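One structure below.
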Amino acid sequence: MNSTHNTQNGAGCADCHEPHPGHPESCAKCHGGGSGVATQNPDASRKCDKCHGLTHPNDIQVRLAPQHFGNMTASINNSTYRASYLSSNYIGNCRKCHNPHDPTTAMAANAEWAGSGHGDVLAGARTRYEFKTRGSYEPVNKTFQYYCVRCHTSTGYIRFVTSGFTDIRPFAGPGYPVVQNYPVKVAAGAAQPADAPSPDKSKEVTACDVCHDNGAGRAYNWATRTVPAYRGYYNFSSSNSSPTVKLNDKVTVYPNLNDSNVCIPCHSGRGVGTMIKDAQAAGMDFSNTTAPGAHDRAAATLIFETGGYEFPGRNYVPTRFLHGSIGVANTRGTGNAGPCVTCHMKTATPHGFEPVAKDGAGKISAILSTACAHCHTGDPVQLTSTVLQTEKDGYAAAIAMLNVLKTDSTLPVNPLNPSRSKVRPLANKNSDYNAAFPGGGANTMGAFFNSSLLQNDPGAFAHNHQYVKRLIYDSMDWLNNGVLDDDVEAAINNATLAVNSSTGKVSLSNPIMGGYYVPAQPATTPYAALLDPVKQAAINYLLGGPGGGRP
């Protein structure tokens, strides 16, 4: 009665259920007795198409929400099909996002979701590859094939979490043959072949039914999907190296976080730092090998301290830290939904998944999450948007300086190594991790691993601030001179930008905040003035100021 179907005379019961004129007798399939003529499941019977879809160009879906249809535009940059809300597997299932009897009330939540990364139909996380083809028929604990399908598609995720985290098969929509893409052995120096295209051109986002399920395959009652505590495998094969090191069948167990269990499988990365130590124990040749990677947005590995490469002899247990207990057993009154849901969804706009608001310049302007105040009320510093932004600025500066220390400005020009990285790329697409510090390849690989892990989690400074600072500090400490001797302040102050051998210019990227601290420009004196404030911000963030020690 409150939906626009009624208030704007859009549709009534008979428009969808299509009973014959003897209406009371036509509801037999649900209510017993009579002839049972009414359409029991109008959605599956495609009754929504009577008013919605591409055949109705003036419909709101086409005019205002063309994201429903991936074929509204042929491609992105003339190469990649965009994703859509109505992928092949969701035709006839509008209920994955809409309550058929009230499609209006939840529209604000739908709009929040559409503006988030989960609903972004243009993002590379949806469009860069044919993710539905990037799966494996091999056991999840053994395979070295792709398993992107489990997180980059809704269908793959639902299969994965409802199978006990075992089903990572590729798929296609009804009526389409399934195509599988996976890494193949190629000649030294050759690139992997492009993915074979799928006849099913639709690509999926992270839809409502990923997180919501009433136990009968319907999402619109907004019950949270029941997912068990995550047990994940981080597999790796150094395929082109000799000896080839293969790491698999080693499970990493995450705690039971109730509703937040939904988030962990896709926010626990594809690699963890301990894999480097396992590879070392297995005899990896660090002078000629590929390396495991953390992948993107691996926040769970930071909160639960499973992700970083921890340098031997260093302590990584934070002195004050409760983020892993937020929303667990009602710690400090935070409830029982786990840290992910409690921090990212206890806001006035929960399906935007943003715990903070940002201004037009991307600066934190307000704290939206109500979870923070349970602990951060004058303890030890009142948490404000200004405090958070200062932390974020320091984190970005520290990551930028870590990137500087990954290079060596004195290295000779080399077309394989234009950025003059301390890890030297090799012609066979492997790399030499022993190049800068002979015999220290594991630690050098660990420092590069930490850099990738952290710069691909823009919220890491908040997820586990002391653990993150120690990972950055120790990575810098090692990369400065191959010794853990606490000379990070000097390393930052003495750092210079390497000249890119391809462009003849210097630059300093800011992966956390976008853009550049030091835009690409000729390697002349003026850039130093732009680099000095970054150095100071990094020192303040990591050491608490000049003369400080390890965080």
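FYI, nothing fancy with the structure tokens labels: chains A, B, ... in order, residues from 1 per chain, ligands from 1 as they appear.
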Using only C-alpha atoms, find each residue of segment 107-207 of chain A with at least one atom at most 12 Å away from an atom of segment 280-299 of chain A; report its shortest atom-to-atom pair and that distance in Å (one decimal), sort the rows by chain and rising residue number, and return the result as a tab-separated table.
residue	atom	partner	partner_atom	distance
A:Gly117	CA	A:Arg297	CA	11.4
A:Gly124	CA	A:Asp296	CA	11.9
A:Ala125	CA	A:Asp296	CA	9.8
A:Phe144	CA	A:Pro292	CA	11.6
A:Cys148	CA	A:His295	CA	10.9
A:Cys151	CA	A:Asp296	CA	11.3
A:His152	CA	A:Asp296	CA	11.8
Those same residues, written as a PDB file, in the first residue's frame with C-alpha atoms?
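What ended up in out.pdb:
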ATOM      1  CA  GLY A 117      32.341  -0.238  -4.323  1.00  0.00           C
ATOM      2  CA  GLY A 124      38.129  -2.865 -12.428  1.00  0.00           C
ATOM      3  CA  ALA A 125      37.214  -5.298  -9.659  1.00  0.00           C
ATOM      4  CA  PHE A 144      47.347 -22.984  -8.073  1.00  0.00           C
ATOM      5  CA  CYS A 148      38.881 -14.889  -8.482  1.00  0.00           C
ATOM      6  CA  CYS A 151      34.938 -12.702  -4.550  1.00  0.00           C
ATOM      7  CA  HIS A 152      34.531 -10.832  -7.834  1.00  0.00           C
TER       8      HIS A 152
END
Within 10 Å of segment 225-232 of chain A, which residues of segment 58-177 of chain A come that close, and what is the closest atom pair and distance in Å for each? Count only C-alpha atoms and give it as a tab-separated table.
residue	atom	partner	partner_atom	distance
A:Val140	CA	A:Gly232	CA	8.8
A:Asn141	CA	A:Gly232	CA	8.2
A:Ile158	CA	A:Arg225	CA	9.5
A:Val161	CA	A:Val227	CA	6.3
A:Thr162	CA	A:Val227	CA	7.4
A:Gly164	CA	A:Pro228	CA	7.9
A:Phe165	CA	A:Arg231	CA	7.3
A:Thr166	CA	A:Gly232	CA	9.5
Mind dumping the selected residues with C-alpha atoms as a PDB file, in the first residue's frame?
ATOM      1  CA  VAL A 140      40.583 -25.303  -2.951  1.00  0.00           C
ATOM      2  CA  ASN A 141      43.402 -26.315  -0.600  1.00  0.00           C
ATOM      3  CA  ILE A 158      27.460 -17.595  -2.703  1.00  0.00           C
ATOM      4  CA  VAL A 161      30.433 -19.698   1.385  1.00  0.00           C
ATOM      5  CA  THR A 162      27.565 -22.191   1.110  1.00  0.00           C
ATOM      6  CA  GLY A 164      32.118 -24.804   3.309  1.00  0.00           C
ATOM      7  CA  PHE A 165      34.588 -22.595   1.374  1.00  0.00           C
ATOM      8  CA  THR A 166      35.328 -25.305  -1.199  1.00  0.00           C
TER       9      THR A 166
END
Give me every helix (DSSP H, G or I) residue in segment 373-476 of chain A, going by DSSP on the backbone, as a ChimeraX atom specification.
/A:373-374,385-405,441-455,460-463,465-476
Dump C-alpha atoms for the selected residues as a compact mmCIF listing (two decimals), in the first residue's frame?
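Saved as out05.txt:
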# COMPACT_ATOMS: atom_id res chain seq x y z
CA ALA A 373 32.69 6.42 20.67
CA HIS A 374 32.37 3.23 22.72
CA SER A 385 37.75 13.77 12.21
CA THR A 386 40.85 15.97 12.47
CA VAL A 387 42.72 13.34 14.49
CA LEU A 388 41.76 10.64 11.98
CA GLN A 389 42.80 12.74 9.00
CA THR A 390 46.15 13.48 10.64
CA GLU A 391 46.67 9.73 11.06
CA LYS A 392 45.70 9.12 7.46
CA ASP A 393 48.07 11.84 6.23
CA GLY A 394 50.91 10.33 8.25
CA TYR A 395 50.11 6.84 7.00
CA ALA A 396 50.09 8.03 3.39
CA ALA A 397 53.41 9.81 3.89
CA ALA A 398 54.97 6.74 5.50
CA ILE A 399 53.82 4.48 2.66
CA ALA A 400 55.16 7.00 0.14
CA MET A 401 58.56 7.03 1.86
CA LEU A 402 58.56 3.24 1.99
CA ASN A 403 58.10 3.32 -1.78
CA VAL A 404 61.10 5.66 -2.05
CA LEU A 405 63.25 3.27 -0.01
CA GLY A 441 66.11 -12.12 -0.09
CA ALA A 442 63.40 -13.29 2.32
CA ASN A 443 63.43 -10.00 4.23
CA THR A 444 63.56 -7.94 1.04
CA MET A 445 60.61 -9.88 -0.35
CA GLY A 446 58.86 -9.36 2.98
CA ALA A 447 59.38 -5.60 2.84
CA PHE A 448 57.96 -5.45 -0.68
CA PHE A 449 55.08 -7.69 0.39
CA ASN A 450 54.26 -5.36 3.29
CA SER A 451 54.31 -2.36 0.99
CA SER A 452 51.80 -3.99 -1.35
CA LEU A 453 49.57 -5.22 1.49
CA LEU A 454 49.36 -1.81 3.13
CA GLN A 455 49.06 0.52 0.17
CA ALA A 460 44.93 0.22 7.40
CA PHE A 461 45.92 3.16 9.64
CA ALA A 462 42.62 2.69 11.48
CA HIS A 463 42.29 -1.09 11.28
CA HIS A 465 47.49 1.30 13.77
CA GLN A 466 50.44 0.01 15.83
CA TYR A 467 50.77 -3.26 13.93
CA VAL A 468 50.74 -1.32 10.66
CA LYS A 469 53.32 1.19 11.90
CA ARG A 470 55.66 -1.60 12.95
CA LEU A 471 55.35 -3.34 9.57
CA ILE A 472 56.23 -0.08 7.79
CA TYR A 473 59.03 0.82 10.22
CA ASP A 474 60.75 -2.57 10.01
CA SER A 475 60.36 -2.71 6.22
CA MET A 476 62.06 0.71 5.96
From a DSSP pass on the backbone, collect the residues of segment 349-520 of chain A flagged as strand (DSSP E or B) and hand them back as a VMD selection string.
chain A and resid 356 to 358 364 to 367 407 421 424 to 425 431 to 432 505 to 509 516 to 520
Can you pull out the residues contacting Pro66 of chain A? Cut-off 12 Å, using only C-alpha atoms, and skip same-chain residues under 4 positions away; I want them as a list of chain:residue names.
A:His52, A:Gly53, A:Leu54, A:His56, A:Pro57, A:Asn58, A:Asp59, A:Ile60, A:Gln61, A:Val62, A:Gly70, A:Asn71, A:Met72, A:Thr73, A:Arg82, A:Ala83, A:Ser84, A:Tyr85, A:Leu86, A:Ala114, A:Val121
For segment 329-338 of chain A, work out the shell of residues within 10 Å, counting only C-alpha atoms and skipping chain neighbours fewer than 2 positions away, then give it as a PyMOL selection string.
chain A and resi 255-261+263+322-327+340-343+345-346+370-375
Could you tell me how far atom CA of His98 of chain A lies from atom CA of Lys203 of chain A, in Å and to one decimal?
19.6 Å
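Restricting the calculation to only C-alpha atoms, the smallest distance between Met107 of chain A and any of A:Tyr220, A:Tyr176, A:Tyr433, A:Tyr146 is found for A:Tyr220.
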Quick one: everything within 10 Å of Asn240 of chain A, counting only C-alpha atoms, minus sequence neighbours fewer than 5 positions away in the same chain. Send it as a count of residues only.
12
Would you mind listing what lies within 10 Å of Arg420 of chain A as a list in words, with only C-alpha atoms counted and same-chain residues fewer than 4 positions away left out?
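Once the nearby chain positions are removed, what remains is Lys406, Thr407, Asp408, Ser409, Thr410, Leu411, Pro412, Val413, Asn414, Pro415, Leu416, Arg424, Pro425, Leu497, Ala498, Val499, Asn500 and Ser501 of chain A.
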Write out as a ChimeraX atom specification each polymer residue whose atoms come within 12 Å of Asn41 of chain A, counting only C-alpha atoms; drop sequence neighbours fewer than 4 positions from it.
/A:16-18,27,29-30,37,45-48,92-95,100-101
Straight-line distance linking atom CA of Gly308 of chain A with atom CA of Arg320 of chain A, stated in Å to one decimal:
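According to the coordinates, atom CA of Gly308 of chain A and atom CA of Arg320 of chain A are separated by 18.3 Å.
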So, counting only C-alpha atoms, which residue among A:Tyr233, A:Phe304, A:Tyr157, A:Tyr527 is closest to Pro139 of chain A?
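For Pro139 of chain A, the nearest of the candidates is A:Tyr233.
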Using Å and a single decimal, report how far atom CA of Val506 of chain A sits from atom CA of Ala520 of chain A.
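Distance reported for this atom pair: 5.3 Å.
You can rank A:Arg218, A:Arg126, A:His20, A:His267 by their closest distance to Asp457 of chain A using only C-alpha atoms, and at the top of that list sits A:His267.
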